[in-house]
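Below is start_35.cif, holding mmCIF, C-alpha atoms and all ligand atoms.
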data_model
#
loop_
_atom_site.label_atom_id
_atom_site.label_comp_id
_atom_site.auth_asym_id
_atom_site.auth_seq_id
_atom_site.Cartn_x
_atom_site.Cartn_y
_atom_site.Cartn_z
CA MET A 189 -9.56 -11.72 -19.69
CA LYS A 190 -10.88 -13.51 -16.61
CA ILE A 191 -8.59 -12.69 -13.72
CA GLY A 192 -8.57 -14.02 -10.16
CA ILE A 193 -7.06 -11.56 -7.66
CA VAL A 194 -5.97 -12.74 -4.23
CA CYS A 195 -5.22 -10.08 -1.62
CA TYR A 196 -5.60 -8.98 1.98
CA PRO A 197 -8.89 -7.11 2.30
CA THR A 198 -7.59 -4.65 4.90
CA PHE A 199 -6.23 -1.08 4.80
CA GLY A 200 -2.66 -2.29 4.06
CA GLY A 201 -1.06 -0.99 0.89
CA SER A 202 -0.98 -4.36 -0.88
CA GLY A 203 -4.74 -4.80 -0.49
CA VAL A 204 -5.38 -1.26 -1.66
CA VAL A 205 -3.22 -1.68 -4.78
CA ALA A 206 -4.79 -5.07 -5.58
CA THR A 207 -8.30 -3.71 -5.20
CA GLU A 208 -7.70 -0.53 -7.21
CA LEU A 209 -6.10 -2.68 -9.92
CA GLY A 210 -9.10 -5.04 -9.99
CA ASN A 211 -11.56 -2.12 -10.09
CA ALA A 212 -9.69 -0.52 -13.00
CA LEU A 213 -9.42 -3.80 -14.94
CA ALA A 214 -13.16 -4.36 -14.49
CA HIS A 215 -13.89 -0.86 -15.79
CA LYS A 216 -11.84 -1.71 -18.88
CA GLY A 217 -14.05 -4.74 -19.52
CA HIS A 218 -12.08 -7.59 -17.93
CA GLN A 219 -13.88 -9.96 -15.57
CA VAL A 220 -12.26 -9.78 -12.14
CA HIS A 221 -12.80 -12.23 -9.28
CA PHE A 222 -11.52 -11.20 -5.85
CA ILE A 223 -10.74 -14.07 -3.52
CA SER A 224 -10.17 -13.11 0.12
CA TYR A 225 -11.50 -13.67 3.65
CA ASP A 226 -13.42 -10.39 3.64
CA MET A 227 -14.65 -7.78 1.17
CA PRO A 228 -11.65 -5.58 0.25
CA VAL A 229 -12.06 -2.07 1.68
CA ARG A 230 -11.89 -0.29 -1.66
CA PHE A 231 -14.00 -2.87 -3.58
CA ASP A 232 -16.22 -1.11 -6.13
CA SER A 233 -19.50 -2.91 -5.43
CA PHE A 234 -21.30 -1.36 -8.39
CA SER A 235 -19.23 -2.80 -11.23
CA PRO A 236 -20.94 -5.66 -13.14
CA ASN A 237 -17.52 -7.15 -13.99
CA LEU A 238 -16.44 -7.53 -10.37
CA PHE A 239 -17.05 -10.62 -8.28
CA TYR A 240 -16.15 -11.48 -4.71
CA HIS A 241 -15.56 -15.01 -3.38
CA GLU A 242 -15.18 -15.31 0.37
CA VAL A 243 -12.72 -17.74 1.91
CA GLN A 244 -14.38 -19.12 5.02
CA VAL A 245 -12.21 -20.72 7.64
CA SER A 246 -14.02 -23.23 9.83
CA ASP A 247 -13.58 -22.99 13.57
CA TYR A 248 -12.97 -26.65 14.49
CA PRO A 249 -11.97 -27.08 18.16
CA LEU A 250 -8.94 -29.21 17.25
CA PHE A 251 -7.27 -26.25 15.54
CA ASP A 252 -5.46 -23.71 17.68
CA TYR A 253 -4.55 -22.06 14.38
CA GLN A 254 -6.99 -22.20 11.49
CA PRO A 255 -5.44 -23.62 8.27
CA TYR A 256 -6.21 -20.52 6.16
CA GLU A 257 -3.77 -21.37 3.39
CA LEU A 258 -5.44 -24.72 2.69
CA VAL A 259 -8.92 -23.25 2.57
CA LEU A 260 -7.64 -20.50 0.30
CA SER A 261 -6.03 -23.07 -2.05
CA SER A 262 -9.31 -25.02 -2.22
CA LYS A 263 -11.20 -21.82 -2.96
CA LEU A 264 -8.75 -20.94 -5.73
CA VAL A 265 -9.25 -24.37 -7.29
CA ASP A 266 -13.01 -23.97 -7.12
CA VAL A 267 -13.16 -20.44 -8.52
CA ALA A 268 -10.55 -21.06 -11.24
CA LYS A 269 -12.37 -24.18 -12.42
CA HIS A 270 -15.97 -22.96 -12.31
CA GLU A 271 -15.38 -19.38 -13.42
CA LYS A 272 -12.89 -20.56 -16.07
CA LEU A 273 -10.23 -18.08 -15.00
CA ASP A 274 -7.33 -17.30 -17.35
CA LEU A 275 -4.88 -16.56 -14.55
CA LEU A 276 -4.40 -15.87 -10.85
CA HIS A 277 -2.71 -12.69 -9.67
CA VAL A 278 -1.69 -12.90 -6.01
CA HIS A 279 -0.69 -9.83 -4.00
CA TYR A 280 1.69 -10.23 -1.04
CA ALA A 281 3.68 -13.45 -1.11
CA ILE A 282 2.63 -14.78 2.29
CA PRO A 283 0.69 -17.07 2.12
CA HIS A 284 -0.85 -16.21 -1.24
CA ALA A 285 1.99 -17.35 -3.52
CA SER A 286 2.24 -20.81 -1.98
CA ALA A 287 -1.57 -21.17 -1.94
CA ALA A 288 -1.61 -20.32 -5.67
CA TYR A 289 1.16 -22.86 -6.31
CA MET A 290 -0.87 -25.54 -4.54
CA ALA A 291 -4.03 -24.64 -6.49
CA LYS A 292 -2.10 -24.71 -9.76
CA GLN A 293 -0.82 -28.24 -9.03
CA ILE A 294 -4.28 -29.52 -8.04
CA LEU A 295 -5.80 -28.06 -11.20
CA ALA A 296 -2.98 -29.52 -13.32
CA SER A 297 -3.83 -32.96 -11.92
CA GLN A 298 -7.34 -32.42 -13.33
CA GLY A 299 -6.03 -31.32 -16.72
CA ILE A 300 -6.62 -27.59 -16.13
CA LYS A 301 -3.76 -25.18 -16.78
CA ILE A 302 -3.71 -21.92 -14.85
CA PRO A 303 -0.69 -19.62 -14.47
CA TYR A 304 -0.14 -17.43 -11.40
CA ILE A 305 1.59 -14.08 -11.03
CA THR A 306 3.02 -13.02 -7.68
CA THR A 307 3.32 -9.33 -6.85
CA LEU A 308 5.74 -8.57 -4.03
CA HIS A 309 4.67 -5.55 -1.98
CA GLY A 310 7.11 -4.93 0.83
CA THR A 311 7.05 -6.50 4.24
CA ASP A 312 6.41 -9.92 2.63
CA ILE A 313 10.09 -9.56 1.61
CA THR A 314 11.74 -6.99 3.88
CA LEU A 315 10.34 -8.01 7.29
CA VAL A 316 8.19 -11.13 7.46
CA GLY A 317 9.35 -13.08 4.42
CA LYS A 318 13.04 -13.17 5.20
CA ASP A 319 12.26 -14.64 8.62
CA ALA A 320 13.70 -18.17 8.67
CA SER A 321 10.30 -19.64 9.53
CA PHE A 322 8.90 -18.53 6.14
CA GLU A 323 11.93 -18.25 3.88
CA PRO A 324 12.06 -21.71 2.17
CA VAL A 325 8.36 -21.61 1.26
CA ILE A 326 8.55 -18.01 0.00
CA THR A 327 11.65 -18.72 -2.10
CA PHE A 328 10.00 -21.77 -3.62
CA ALA A 329 6.66 -20.08 -4.37
CA ILE A 330 8.39 -17.05 -5.94
CA ASN A 331 10.58 -19.25 -8.10
CA GLN A 332 7.59 -21.34 -9.24
CA SER A 333 5.45 -18.32 -10.19
CA ASP A 334 4.77 -17.84 -13.90
CA ALA A 335 5.75 -14.18 -13.46
CA VAL A 336 6.87 -12.06 -10.51
CA THR A 337 6.51 -8.32 -10.14
CA SER A 338 7.74 -5.96 -7.46
CA VAL A 339 6.47 -2.46 -6.74
CA SER A 340 9.91 -0.81 -6.88
CA GLU A 341 13.47 -1.40 -8.02
CA SER A 342 14.54 -1.32 -4.38
CA LEU A 343 12.17 -4.17 -3.49
CA LYS A 344 13.41 -6.16 -6.47
CA GLN A 345 17.00 -5.81 -5.24
CA ASP A 346 15.95 -6.73 -1.66
CA THR A 347 14.32 -9.88 -3.03
CA TYR A 348 17.55 -10.93 -4.72
CA LYS A 349 19.47 -10.06 -1.55
CA PHE A 350 17.31 -11.95 0.95
CA PHE A 351 16.12 -14.94 -1.13
CA ASN A 352 17.69 -17.45 -3.42
CA VAL A 353 15.72 -16.12 -6.36
CA LYS A 354 17.44 -16.23 -9.74
CA ARG A 355 14.48 -15.59 -11.99
CA ASP A 356 13.49 -12.28 -13.56
CA ILE A 357 11.40 -9.84 -11.52
CA GLU A 358 9.53 -7.12 -13.39
CA VAL A 359 9.12 -3.75 -11.66
CA ILE A 360 5.58 -2.39 -11.98
CA PRO A 361 5.25 0.55 -9.61
CA ASN A 362 2.21 1.48 -7.54
CA PHE A 363 -0.20 3.82 -9.29
CA VAL A 364 -2.73 6.49 -8.42
CA ASP A 365 -5.98 7.78 -9.86
CA ILE A 366 -4.90 11.41 -10.13
CA ASP A 367 -8.44 12.73 -10.68
CA LEU A 368 -9.70 11.26 -7.42
CA TYR A 369 -7.02 13.08 -5.42
CA SER A 370 -6.46 16.26 -7.39
CA LYS A 371 -10.16 17.06 -7.59
CA ALA A 372 -11.13 15.94 -4.09
CA LYS A 373 -13.40 18.41 -2.40
CA ASN A 374 -12.41 19.45 1.04
CA ALA A 375 -15.46 17.79 2.60
CA LEU A 376 -13.72 17.42 5.93
CA THR A 377 -13.12 21.14 6.06
CA LYS A 378 -10.36 22.64 8.11
CA PHE A 379 -13.18 24.34 10.01
CA ASN A 380 -14.45 20.95 11.25
CA TYR A 381 -11.03 20.22 12.58
CA ASN A 382 -10.64 23.63 14.15
CA THR A 383 -7.34 24.26 12.42
CA GLY A 384 -7.91 28.02 12.00
CA ASP A 385 -4.90 29.44 10.17
CA ARG A 386 -2.65 26.66 11.38
CA LYS A 387 -0.73 24.52 8.91
CA VAL A 388 -2.00 20.95 8.70
CA LEU A 389 0.51 18.11 8.90
CA LEU A 390 -0.92 14.72 7.97
CA HIS A 391 0.19 11.12 8.42
CA ILE A 392 -1.67 8.05 7.18
CA SER A 393 -0.71 4.48 8.10
CA ASN A 394 -1.67 1.35 9.98
CA PHE A 395 0.40 2.51 13.00
CA ARG A 396 2.73 -0.48 12.95
CA PRO A 397 6.25 -0.07 14.43
CA VAL A 398 7.73 0.04 10.89
CA LYS A 399 5.89 3.35 10.29
CA ARG A 400 7.65 5.11 13.25
CA VAL A 401 4.57 7.18 14.07
CA GLU A 402 6.32 8.42 17.23
CA ASP A 403 8.74 10.23 14.89
CA VAL A 404 5.74 11.95 13.29
CA VAL A 405 4.74 13.30 16.70
CA ARG A 406 8.31 14.42 17.47
CA ILE A 407 8.62 16.15 14.09
CA PHE A 408 5.30 17.86 14.66
CA ASP A 409 6.39 19.00 18.13
CA LYS A 410 9.42 20.77 16.61
CA VAL A 411 7.39 22.30 13.77
CA ARG A 412 4.67 23.72 16.02
CA LYS A 413 7.30 25.54 18.09
CA GLU A 414 8.15 27.57 14.96
CA ILE A 415 4.86 27.66 13.03
CA PRO A 416 1.22 27.38 14.23
CA ALA A 417 0.31 23.84 13.19
CA LYS A 418 -2.03 20.94 13.74
CA LEU A 419 -1.36 17.22 13.21
CA LEU A 420 -4.00 14.90 11.79
CA LEU A 421 -3.39 11.16 12.10
CA VAL A 422 -5.38 8.84 9.84
CA GLY A 423 -5.43 5.10 10.57
CA ASP A 424 -5.01 3.04 13.69
CA GLY A 425 -2.96 0.12 14.91
CA PRO A 426 -0.66 -1.35 17.52
CA GLU A 427 1.40 1.82 18.18
CA ARG A 428 -1.62 3.98 19.07
CA SER A 429 -1.18 3.89 22.84
CA LYS A 430 2.53 4.75 22.55
CA ILE A 431 1.66 7.73 20.35
CA GLU A 432 -0.90 8.93 22.88
CA ALA A 433 1.61 8.54 25.72
CA LEU A 434 4.18 10.54 23.76
CA CYS A 435 1.82 13.41 22.97
CA ARG A 436 0.90 13.61 26.68
CA GLU A 437 4.58 13.71 27.59
CA LEU A 438 5.27 16.46 25.02
CA GLY A 439 2.06 18.34 25.85
CA THR A 440 0.91 18.27 22.21
CA CYS A 441 -2.34 16.28 22.53
CA GLU A 442 -4.49 19.38 22.08
CA GLU A 443 -2.97 19.93 18.67
CA ILE A 444 -3.26 16.33 17.47
CA GLN A 445 -6.41 14.69 16.20
CA PHE A 446 -6.93 11.01 15.43
CA LEU A 447 -9.29 10.55 12.46
CA GLY A 448 -9.38 6.74 12.64
CA LYS A 449 -9.52 4.29 9.75
CA LEU A 450 -10.86 6.75 7.20
CA LYS A 451 -11.74 5.23 3.83
CA ALA A 452 -11.86 8.48 1.85
CA THR A 453 -8.26 9.49 2.50
CA GLU A 454 -8.47 11.94 -0.42
CA GLN A 455 -10.68 14.13 1.76
CA ALA A 456 -8.13 14.27 4.55
CA LEU A 457 -5.39 14.98 2.00
CA ALA A 458 -7.44 17.87 0.63
CA MET A 459 -6.94 19.62 4.01
CA ALA A 460 -3.22 18.88 4.31
CA ASP A 461 -0.26 21.22 3.85
CA LEU A 462 2.41 18.59 4.36
CA PHE A 463 2.54 14.77 4.50
CA ILE A 464 4.93 13.03 6.93
CA LEU A 465 6.20 9.48 6.31
CA PRO A 466 9.21 8.64 8.52
CA SER A 467 9.11 4.85 7.93
CA GLU A 468 11.84 2.43 8.93
CA THR A 469 11.35 0.56 5.64
CA GLU A 470 9.00 1.32 2.78
CA SER A 471 9.12 -0.63 -0.45
CA PHE A 472 7.30 2.12 -2.34
CA GLY A 473 5.18 4.37 -0.12
CA LEU A 474 1.75 4.40 -1.73
CA SER A 475 0.46 6.89 0.84
CA ALA A 476 3.23 9.33 -0.19
CA LEU A 477 2.17 8.99 -3.83
CA GLU A 478 -1.48 9.62 -2.92
CA ALA A 479 -0.41 12.73 -0.98
CA MET A 480 1.54 13.97 -3.99
CA ALA A 481 -1.48 13.37 -6.23
CA ALA A 482 -3.35 15.72 -3.88
CA SER A 483 -0.54 18.30 -4.36
CA VAL A 484 0.78 17.74 -0.85
CA PRO A 485 4.60 17.77 -0.52
CA VAL A 486 6.14 14.84 1.36
CA ILE A 487 8.67 14.77 4.20
CA SER A 488 9.91 11.20 4.28
CA THR A 489 12.85 8.98 5.03
CA ASN A 490 15.18 7.86 2.25
CA THR A 491 14.61 4.16 2.90
CA GLY A 492 13.71 1.45 0.35
CA GLY A 493 11.70 2.67 -2.63
CA LEU A 494 10.85 6.12 -1.26
CA PRO A 495 13.55 7.87 -3.35
CA GLU A 496 11.91 6.35 -6.44
CA VAL A 497 8.73 8.25 -5.57
CA ASN A 498 9.55 11.39 -3.58
CA VAL A 499 12.19 13.56 -5.28
CA HIS A 500 14.49 15.29 -2.79
CA GLY A 501 14.22 19.08 -3.00
CA VAL A 502 11.46 18.85 -5.62
CA SER A 503 8.30 17.08 -4.38
CA GLY A 504 9.48 17.08 -0.76
CA TYR A 505 12.56 16.04 1.18
CA LEU A 506 14.24 12.77 2.15
CA SER A 507 16.15 12.21 5.42
CA ASN A 508 17.85 9.31 7.15
CA VAL A 509 15.62 7.03 9.24
CA GLY A 510 15.21 8.52 12.72
CA ASP A 511 16.65 11.94 11.84
CA VAL A 512 13.74 13.82 13.36
CA ASP A 513 15.69 17.11 13.47
CA ASP A 514 16.36 17.06 9.73
CA MET A 515 12.76 16.14 8.88
CA ALA A 516 11.46 18.97 11.14
CA LYS A 517 13.92 21.44 9.60
CA ASN A 518 12.78 20.46 6.09
CA ALA A 519 9.11 20.70 7.07
CA ILE A 520 9.61 24.19 8.50
CA SER A 521 11.56 25.33 5.44
CA ILE A 522 8.59 24.47 3.22
CA LEU A 523 5.81 25.68 5.50
CA LYS A 524 7.24 29.08 6.35
CA ASP A 525 7.88 30.10 2.73
CA LYS A 526 4.65 30.40 0.72
CA LYS A 527 6.40 30.62 -2.63
CA LYS A 528 8.42 27.50 -1.90
CA HIS A 529 5.36 25.68 -0.58
CA ASP A 530 3.39 26.52 -3.73
CA SER A 531 6.18 25.31 -5.98
CA PHE A 532 6.59 22.06 -4.00
CA ARG A 533 2.84 21.54 -4.26
CA LYS A 534 3.01 21.85 -8.05
CA ASN A 535 6.07 19.61 -8.28
CA ALA A 536 4.41 16.94 -6.12
CA LEU A 537 1.43 16.74 -8.45
CA LYS A 538 3.67 16.70 -11.53
CA ARG A 539 5.72 13.83 -10.08
CA ALA A 540 2.57 11.89 -9.12
CA LYS A 541 1.47 12.05 -12.76
CA ASP A 542 4.37 9.73 -13.64
CA PHE A 543 2.43 7.04 -11.73
CA GLU A 544 -1.00 7.78 -13.21
CA LEU A 545 -3.26 4.73 -13.33
CA SER A 546 -3.64 4.98 -17.12
CA LYS A 547 0.16 4.60 -17.51
CA ILE A 548 0.56 1.61 -15.18
CA LEU A 549 -2.57 -0.45 -15.98
CA PRO A 550 -1.38 -1.44 -19.51
CA LEU A 551 1.83 -2.82 -17.96
CA TYR A 552 -0.25 -5.35 -16.02
CA GLU A 553 -2.50 -6.13 -19.00
CA ASN A 554 0.55 -6.71 -21.16
CA LEU A 555 2.08 -9.02 -18.54
CA TYR A 556 -1.18 -10.98 -18.22
CA GLU A 557 -1.29 -11.55 -21.99
CA ARG A 558 2.33 -12.72 -22.06
CA VAL A 559 1.76 -15.14 -19.18
CA ILE A 560 -1.48 -16.56 -20.61
CA ASN A 561 0.07 -17.07 -24.05
CA LYS A 562 3.35 -18.55 -22.75
O1 LIG B 1 3.06 -1.43 5.26
C1 LIG B 1 1.93 -1.25 4.84
O2 LIG B 1 1.34 -0.18 4.96
C2 LIG B 1 1.20 -2.37 4.21
C3 LIG B 1 2.04 -3.04 3.19
C4 LIG B 1 1.32 -4.18 2.56
O3 LIG B 1 2.02 -4.93 1.91
O4 LIG B 1 0.12 -4.36 2.71
O5 LIG B 1 2.44 -2.02 2.26
C5 LIG B 1 3.49 -2.32 1.39
O6 LIG B 1 2.89 -2.34 0.11
C6 LIG B 1 2.48 -1.07 -0.41
C7 LIG B 1 1.78 -1.29 -1.75
O7 LIG B 1 2.62 -1.88 -2.68
C8 LIG B 1 3.70 -0.15 -0.53
O8 LIG B 1 3.33 1.10 -1.08
C9 LIG B 1 4.28 0.04 0.88
O9 LIG B 1 5.45 0.82 0.77
C10 LIG B 1 4.62 -1.31 1.50
N1 LIG B 1 4.98 -1.12 2.92
C11 LIG B 1 6.22 -1.34 3.37
O10 LIG B 1 7.14 -1.71 2.64
C12 LIG B 1 6.43 -1.11 4.83
#
Hey, can you dump this file as structure tokens for me?
Amino acid sequence: MKIGIVCYPTFGGSGVVATELGNALAHKGHQVHFISYDMPVRFDSFSPNLFYHEVQVSDYPLFDYQPYELVLSSKLVDVAKHEKLDLLHVHYAIPHASAAYMAKQILASQGIKIPYITTLHGTDITLVGKDASFEPVITFAINQSDAVTSVSESLKQDTYKFFNVKRDIEVIPNFVDIDLYSKAKNALTKFNYNTGDRKVLLHISNFRPVKRVEDVVRIFDKVRKEIPAKLLLVGDGPERSKIEALCRELGTCEEIQFLGKLKATEQALAMADLFILPSETESFGLSALEAMAASVPVISTNTGGLPEVNVHGVSGYLSNVGDVDDMAKNAISILKDKKKHDSFRKNALKRAKDFELSKILPLYENLYERVINK
């Protein structure tokens, strides 16, 4: 098949899922065309079946805000027509679903039929999308899609709750390449990070308020009072200065290291004893799944789709949003008992295998075939 994938090229989960999906489809022999404003961070540049088409927004002085959606729609028309695409698969509804709708209509006016699939990822529904300033367009573009998928049952239900969507939504969960994580070498050795015998707590995110990274620091502060520990923070974003202020206030800065926007997160995970994800909302929690694939148990909240991934008392623990005491208590209970820690490590990997790439990829291929042949 010839598939056009539209996504954000950044470190956000939707872009990562879209890119890993495109890479895997290309390895299976499909021709995949990424359409975005920058090269996606996990783009596999060495695959002959992968192509990248850049959306360039012109900087005309009249525009205070560049009309990205229009340029994207034009690019979709161009790529679909000249590359003879079979379908478009857009990740994250805003503004990709409405841009795909527009492209589909323009192509139809030229006698070219192209279906589009919208995959809902999370904040496009739970935070941004339900905002009144977007809602009518999102509802329309979802309803007009030839197929809609969501990354968890919870996100599917949120979509029905927040939008006037009556159509069917298929749940296709996030996936992980188990080999990449389970066999990752500890290249960033604990020695480099001066952890000594201390337990390593790890958090990975884009440090947006929804991730509650301050809770990570508070949990860590409680853990280190009971067990020698170090906190590694991967990523960066708007909450960074607040996190730094908090660690100064708590006197924990010496024990916390910022690793920045690391691409090879599997190497950081290879050093970790526990993964912390105290998010306010999380439609799935791809970073938790990647941690589990690296045999790292997860301390998370019980919000959104997280209970569909992290099994309470098995692969980690789930707590209410903001319940820092409970999350710290759970973390300590795992870290101070080697037998328990070892069994949680095994369970985490076993659970991650339910989301192995080879199990999820055929679900997308099957959907593509159904949509093309409709
Ligand atoms: O919140 C992020 O980290 C980025 C965001 C996105 O859409 O780019 O991630 C969402 O999509 C991921 C991939 O499907 C999910 O695993 C995340 O849970 C989801 N984030 C939220 O719902 C907050």
**Request:** Around ligand LIG 1 (chain B), at most 7 Å away and counting only C-alpha atoms and all ligand atoms, which residues are there? Put them as a list in words, please.
**Result:** Gly200, Gly201, Ser202, Gly203, Val205, Tyr280, His309, Gly310, Thr311, Asp312, Val339, Asn362, Ser393, Asn394, Val398, Thr469, Glu470, Ser471, Phe472, Gly473, Leu474 and Ser475 of chain A
With C-alpha atoms retained, export the selected residues as a PDB file, keeping the file's coordinate frame.
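The resulting file, again.pdb, is reproduced below:
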ATOM      1  CA  GLY A 200      -2.660  -2.290   4.060  1.00  0.00           C
ATOM      2  CA  GLY A 201      -1.060  -0.990   0.890  1.00  0.00           C
ATOM      3  CA  SER A 202      -0.980  -4.360  -0.880  1.00  0.00           C
ATOM      4  CA  GLY A 203      -4.740  -4.800  -0.490  1.00  0.00           C
ATOM      5  CA  VAL A 205      -3.220  -1.680  -4.780  1.00  0.00           C
ATOM      6  CA  TYR A 280       1.690 -10.230  -1.040  1.00  0.00           C
ATOM      7  CA  HIS A 309       4.670  -5.550  -1.980  1.00  0.00           C
ATOM      8  CA  GLY A 310       7.110  -4.930   0.830  1.00  0.00           C
ATOM      9  CA  THR A 311       7.050  -6.500   4.240  1.00  0.00           C
ATOM     10  CA  ASP A 312       6.410  -9.920   2.630  1.00  0.00           C
ATOM     11  CA  VAL A 339       6.470  -2.460  -6.740  1.00  0.00           C
ATOM     12  CA  ASN A 362       2.210   1.480  -7.540  1.00  0.00           C
ATOM     13  CA  SER A 393      -0.710   4.480   8.100  1.00  0.00           C
ATOM     14  CA  ASN A 394      -1.670   1.350   9.980  1.00  0.00           C
ATOM     15  CA  VAL A 398       7.730   0.040  10.890  1.00  0.00           C
ATOM     16  CA  THR A 469      11.350   0.560   5.640  1.00  0.00           C
ATOM     17  CA  GLU A 470       9.000   1.320   2.780  1.00  0.00           C
ATOM     18  CA  SER A 471       9.120  -0.630  -0.450  1.00  0.00           C
ATOM     19  CA  PHE A 472       7.300   2.120  -2.340  1.00  0.00           C
ATOM     20  CA  GLY A 473       5.180   4.370  -0.120  1.00  0.00           C
ATOM     21  CA  LEU A 474       1.750   4.400  -1.730  1.00  0.00           C
ATOM     22  CA  SER A 475       0.460   6.890   0.840  1.00  0.00           C
TER      23      SER A 475
END
**Asked** Skipping near chain neighbours, those fewer than 2 positions away, what residues fall within 9 Å of segment 383-392 of chain A using all atoms listed in the file, listed as a ChimeraX atom specification?
**Response** /A:378-381,394-395,401,404,408,412,415-424,443,453,456-457,459-465,475-476,523
**Message:** Calculated over all atoms listed in the file, which of the candidates A:Val405, A:Leu295, A:Ala479, A:Val336 has the smallest distance to Ala281 of chain A?
**Reply:** A:Val336
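For Glu432 of chain A, the set of protein, DNA and RNA residues having any atom at most 10 Å away, when counting all atoms listed in the file and skipping those fewer than 6 positions along the same chain, is Glu402, Val405, Leu438, Thr440, Cys441, Ile444 and Phe446 of chain A.
Interatomic distance, atom CA of Thr327 of chain A against atom CA of Asp226 of chain A: 27.0 Å.
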**Message:** Using all atoms listed in the file, which protein or nucleic acid residues come within 10 Å of Lys371 of chain A? Drop anything in the same chain fewer than 3 positions from it, and give the result as a PyMOL selection string.
**Reply:** chain A and resi 366-368+374+454-455+458+481-482
**Message:** Show me the residues close to (6.8, -6.2, -12.5) - anything with an atom within 7 Å, counting all atoms listed in the file - and format the list as a count of residues only.
**Reply:** 8
**Asked** Pick the closest to Leu555 of chain A from A:Leu275, A:Val245, A:Leu258, A:Ala268: which is it, counting all atoms listed in the file?
**Response**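 Comparing A:Leu275, A:Val245, A:Leu258, A:Ala268 against Leu555 of chain A, the winner is A:Leu275.
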Padded axis-aligned box of segment 528-532 of chain A (6 Å per side), centre and edge lengths, Å, one decimal, as lines of an AutoDock Vina configuration file:
center_x = 5.9
center_y = 24.8
center_z = -3.3
size_x = 17.0
size_y = 17.4
size_z = 17.4
Considering all atoms listed in the file, give me a table of residues in segment 288-378 of chain A that are at most 10 Å from segment 494-510 of chain A, with the closest atom pair and distance in Å for each, as a Markdown table.
| residue | atom | partner | partner_atom | distance |
| --- | --- | --- | --- | --- |
| A:Ser340 | CA | A:Glu496 | CA | 7.4 |
| A:Glu341 | CA | A:Glu496 | CA | 8.1 |
| A:Ser342 | CA | A:Glu496 | CA | 8.4 |
| A:Pro361 | CA | A:Val497 | CA | 9.4 |
| A:Asn362 | CA | A:Val497 | CA | 9.6 |
Long-range neighbours of Leu264 of chain A as a short mmCIF file (atom, residue, chain, number, x, y, z; two decimals) with C-alpha atoms, in the frame of the given file, 12 Å cut-off, all atoms listed in the file, 5 positions minimum in chain:
data_model
loop_
_atom_site.label_atom_id
_atom_site.label_comp_id
_atom_site.auth_asym_id
_atom_site.auth_seq_id
_atom_site.Cartn_x
_atom_site.Cartn_y
_atom_site.Cartn_z
CA ILE A 191 -8.59 -12.69 -13.72
CA GLY A 192 -8.57 -14.02 -10.16
CA ILE A 193 -7.06 -11.56 -7.66
CA VAL A 194 -5.97 -12.74 -4.23
CA HIS A 221 -12.80 -12.23 -9.28
CA PHE A 222 -11.52 -11.20 -5.85
CA ILE A 223 -10.74 -14.07 -3.52
CA SER A 224 -10.17 -13.11 0.12
CA HIS A 241 -15.56 -15.01 -3.38
CA GLU A 242 -15.18 -15.31 0.37
CA VAL A 243 -12.72 -17.74 1.91
CA GLU A 257 -3.77 -21.37 3.39
CA LEU A 258 -5.44 -24.72 2.69
CA VAL A 259 -8.92 -23.25 2.57
CA LYS A 269 -12.37 -24.18 -12.42
CA HIS A 270 -15.97 -22.96 -12.31
CA GLU A 271 -15.38 -19.38 -13.42
CA LYS A 272 -12.89 -20.56 -16.07
CA LEU A 273 -10.23 -18.08 -15.00
CA LEU A 275 -4.88 -16.56 -14.55
CA LEU A 276 -4.40 -15.87 -10.85
CA HIS A 277 -2.71 -12.69 -9.67
CA VAL A 278 -1.69 -12.90 -6.01
CA HIS A 284 -0.85 -16.21 -1.24
CA ALA A 285 1.99 -17.35 -3.52
CA SER A 286 2.24 -20.81 -1.98
CA ALA A 287 -1.57 -21.17 -1.94
CA ALA A 288 -1.61 -20.32 -5.67
CA TYR A 289 1.16 -22.86 -6.31
CA MET A 290 -0.87 -25.54 -4.54
CA ALA A 291 -4.03 -24.64 -6.49
CA LYS A 292 -2.10 -24.71 -9.76
CA GLN A 293 -0.82 -28.24 -9.03
CA ILE A 294 -4.28 -29.52 -8.04
CA LEU A 295 -5.80 -28.06 -11.20
CA ILE A 302 -3.71 -21.92 -14.85
CA PRO A 303 -0.69 -19.62 -14.47
CA TYR A 304 -0.14 -17.43 -11.40
#
At a cut-off of 10 Å, can you tabulate as a tab-separated table every residue of segment 232-255 of chain A near segment 211-218 of chain A together with its closest atom pair and the distance in Å to one decimal, using all atoms listed in the file and ordering rows by chain then number?
residue	atom	partner	partner_atom	distance
A:Asp232	CA	A:Asn211	CA	6.2
A:Ser233	CA	A:Asn211	CA	9.2
A:Phe234	CA	A:Asn211	CA	9.9
A:Ser235	CA	A:Ala214	CA	7.1
A:Pro236	CA	A:Ala214	CA	8.0
A:Asn237	CA	A:Ala214	CA	5.2
A:Leu238	CA	A:Ala214	CA	6.1
A:Phe239	CA	A:Ala214	CA	9.6
Got time to write the residues from that selection, C-alpha atoms, as a compact mmCIF listing (two decimals), in the coordinates of the input?
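So the final result, stored in again05.txt, reads:
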# COMPACT_ATOMS: atom_id res chain seq x y z
CA ASP A 232 -16.22 -1.11 -6.13
CA SER A 233 -19.50 -2.91 -5.43
CA PHE A 234 -21.30 -1.36 -8.39
CA SER A 235 -19.23 -2.80 -11.23
CA PRO A 236 -20.94 -5.66 -13.14
CA ASN A 237 -17.52 -7.15 -13.99
CA LEU A 238 -16.44 -7.53 -10.37
CA PHE A 239 -17.05 -10.62 -8.28
**Prompt:** So how far away is atom CA of Asn518 of chain A from atom CA of Arg533 of chain A, in Å?
**Reply:**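 Separating atom CA of Arg533 of chain A from atom CA of Asn518 of chain A is a distance of 14.4 Å.
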